[in-house]
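Worksheet for the structure shown next.
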Amino acid sequence: RIGWFGWRMGARLGLARPERQPDPGDWLLAMGGTWSNDSFATAARELKDRKGMRLAMLVHDILPASHPELVADGHVVRFARWIEATTAIADVCFTPSRHAAEALSTHLRASGIPSIPIIPLPFGSGFAEPRQDGPTPLEGPYALFVSTIEVRKNHLFLARVWQELVTRHGAGNVPKLVLIGQRGWKSEPFWRFMDQTGDVGGQVVTMANVSDAELAGAYRNCLFTVFPSLCEGWGLPVSESLAYGKLCVASDATSIPEAGGRGADYFDPTDESAAIAAIERVLFEPGYRQKREADIRDNVRPIGWDLAARAILDALSEAQGPVKGTGSHANR
């Protein structure tokens with residue numbers, strides 16, 4: 001009620017007035033996390049029924065269905081209701097990767113939900129560049145991991161890997177590990193490990209609430225990045241790392257190799273020995289990191305969000321079949 005009142009007041013002030021009312025066949029494009037809004041499917045169905053609109057939406061991933069143990073409590077049931085209600089009325093679904101498209105298609109078949117056009121999009125590499133970088137987060141060399149600190153991102157695994165690297169090679173021969181991200185769900189075991197080890201002897205540093213400029217500085221001045229996530233719909237920190245010309249040592253799970261392509265080195269995110277070996281190669285093989293950075297510079301081209309926007313427009317232009325719905329405008 002408060003939100004509706006605010007919208008009406010904004011409309012009266014000319015702040016939120018739509019340019020025109022939708023016509024039959026117009027597209028409602030929903031690219032955000034609409035599954036967090038329990039009334040979205042009902043409102044979208046009403047627009048389709050009353051206005052004859054088409055619905056295109058982004059399904060970033062189906063992790064609450066495919067990896068329920070790795071998401072926040074409460075997401076699983078809400079997501080299940082949302083995916084069934086929205087895919088029943090959507091005309092097109094976009095995903096950020098081929099893996100996410102295949103996972104969604106498999107989930108719909110297994111759930112007995114009718115098939116729907118599913119189109120992977122070319123996802124961009126991050127946000128607009130700030131005018132200038134912020135300060136470097138640390139004195140001296142460091143590796144960087146950008147992500148919300150939650151169980152799915154595998155921070156405890158990486159902290160243990162870093163502890164083993166320091167044990168093998170000595171703190172003076174291993175760069176510090178900088179973790180940039182907010183505290184998230186089911187991360188208590190990681191924080192306990194950090195307390196018990198004194199932040200791995202001061203070798204692991206956590207930071208939150210950094211600005212875009214500070215994040216850009218952190219990327220540009222790190223030695224390399226690490227991304228050990230267990231599952232993703234895309235893997236933005238991987239492609240973001242490559243956009244800054246930095247090698248990413250990344251998980252080989254789900255969509256992450258699509259985000260990294262040839263610009264990342266991969267390991268099994270459940271195998272600490274494999275992760276240690278991949279990081280040791282970057283740290284200790286003479287010239288290896290520089291060679292990989294040169295390959296990224298010469299052969300990896302960051303994708304701009306304008307390409308994603310054009311892909312959406314092209315897909316919607318081609319998807320001109322009957323409007324999917326149950327009301328008077330269905331089959332127009």
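Scheme for the structure tokens: letters A, B, ... for chains in order shown; per-chain residue numbers from 1; ligand numbers from 1 in order shown.
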_Distance query range 257-262 of chain A at most 6 Å, only C-alpha atoms, self and fewer than 2 positions along chain excluded, as number ranges by chain_ = A: 235, 238-239, 252, 255, 264
Each residue of range 104-187 of chain A with at least one atom at most 9 Å from range 67-71 of chain A should appear once, together with its nearest atom pair and the corresponding distance in Å (one decimal); atoms considered: only C-alpha atoms; ordering: chain, then increasing residue number; output as CSV.
residue,atom,partner,partner_atom,distance
A:Glu150,CA,A:Leu70,CA,8.4
A:Val151,CA,A:Leu70,CA,6.1
A:Arg152,CA,A:Leu70,CA,5.2
A:Lys153,CA,A:Leu70,CA,9.0
A:Trp185,CA,A:Val71,CA,7.5
A:Lys186,CA,A:Leu70,CA,7.9
How would the residues just picked look written out with N, CA and C atoms as a compact mmCIF listing (two decimals), in the first residue's frame?
# COMPACT_ATOMS: atom_id res chain seq x y z
N GLU A 150 28.82 -16.05 0.88
CA GLU A 150 27.74 -17.00 1.15
C GLU A 150 28.23 -18.40 0.82
N VAL A 151 27.51 -19.38 1.27
CA VAL A 151 27.99 -20.76 1.17
C VAL A 151 28.23 -21.19 -0.27
N ARG A 152 27.39 -20.73 -1.19
CA ARG A 152 27.50 -21.18 -2.58
C ARG A 152 28.80 -20.72 -3.24
N LYS A 153 29.34 -19.61 -2.77
CA LYS A 153 30.54 -19.05 -3.41
C LYS A 153 31.83 -19.73 -2.95
N TRP A 185 24.27 -15.48 3.30
CA TRP A 185 23.63 -16.56 4.04
C TRP A 185 24.51 -17.80 4.14
N LYS A 186 24.27 -18.53 5.22
CA LYS A 186 24.92 -19.83 5.48
C LYS A 186 26.45 -19.73 5.40
*asked:* Just list as number ranges by chain whatever in range 60-305 of chain A DSSP marks as helix (DSSP H, G or I).
replied: A: 63-66, 68-70, 75-87, 98-110, 151-153, 155-169, 171-173, 188-202, 212-221, 236-243, 256-263, 272-284, 288-299, 305
Range 67-159 of chain A residues near range 25-40 of chain A within 9 Å, closest pair each, using only C-alpha atoms, as CSV:
residue,atom,partner,partner_atom,distance
A:His75,CA,A:Ser36,CA,8.5
A:Arg78,CA,A:Trp35,CA,7.1
A:Phe79,CA,A:Trp35,CA,6.0
A:Arg81,CA,A:Trp35,CA,8.5
A:Trp82,CA,A:Trp35,CA,5.4
A:Ile83,CA,A:Trp35,CA,7.6
A:Thr86,CA,A:Phe40,CA,8.3
A:Phe94,CA,A:Met31,CA,8.5
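Checking A:Asp271, A:Glu102, A:Glu293, A:Asp49 one by one against Asp23 in chain A, counting only C-alpha atoms, you find the shortest gap at A:Asp49.
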*Which polymer residues have any atom within 8 Å of an atom of Pro117 in chain A, counting only C-alpha atoms, with same-chain residues fewer than 4 positions away left out, as a list in words?*
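Everything that qualifies: Asp91, Val92 and Cys93 of chain A.
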Limited to N, CA, C and O atoms, could you put the picked residues into a file as a PDB file, in the first residue's frame?
ATOM      1  N   ASP A  91       6.054 -15.533 -22.843  1.00  0.00           N
ATOM      2  CA  ASP A  91       6.194 -15.836 -24.268  1.00  0.00           C
ATOM      3  C   ASP A  91       7.631 -16.178 -24.628  1.00  0.00           C
ATOM      4  O   ASP A  91       7.875 -16.928 -25.576  1.00  0.00           O
ATOM      5  N   VAL A  92       8.593 -15.601 -23.883  1.00  0.00           N
ATOM      6  CA  VAL A  92      10.019 -15.842 -24.112  1.00  0.00           C
ATOM      7  C   VAL A  92      10.724 -15.781 -22.765  1.00  0.00           C
ATOM      8  O   VAL A  92      10.390 -14.942 -21.922  1.00  0.00           O
ATOM      9  N   CYS A  93      11.704 -16.659 -22.562  1.00  0.00           N
ATOM     10  CA  CYS A  93      12.589 -16.578 -21.400  1.00  0.00           C
ATOM     11  C   CYS A  93      14.013 -16.346 -21.885  1.00  0.00           C
ATOM     12  O   CYS A  93      14.484 -17.043 -22.802  1.00  0.00           O
TER      13      CYS A  93
END
*asked:* Set the distance at 10 Å and use only C-alpha atoms: which residues neighbour Thr254 in chain A once local chain neighbours fewer than 4 positions away are removed? I'd like the list as a list in words.
replied: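 Once the nearby chain positions are removed, what remains is Ser97, Arg98, His99, Ala100, Ala103, Ser229, Leu230, Cys231, Glu232, Gly233, Trp234, Gly235 and Glu258 of chain A.
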_strand (DSSP E) call set, DSSP backbone run, range 143-295 of chain A, as a ChimeraX atom specification_ = /A:143-146,176-180,204-207,225-227,248-251,264-267
*Neighbour list for range 140-146 of chain A as a PyMOL selection string, cut-off 6 Å, only C-alpha atoms, skip fewer than 4 positions in-chain*: chain A and resi 175-180+222-226
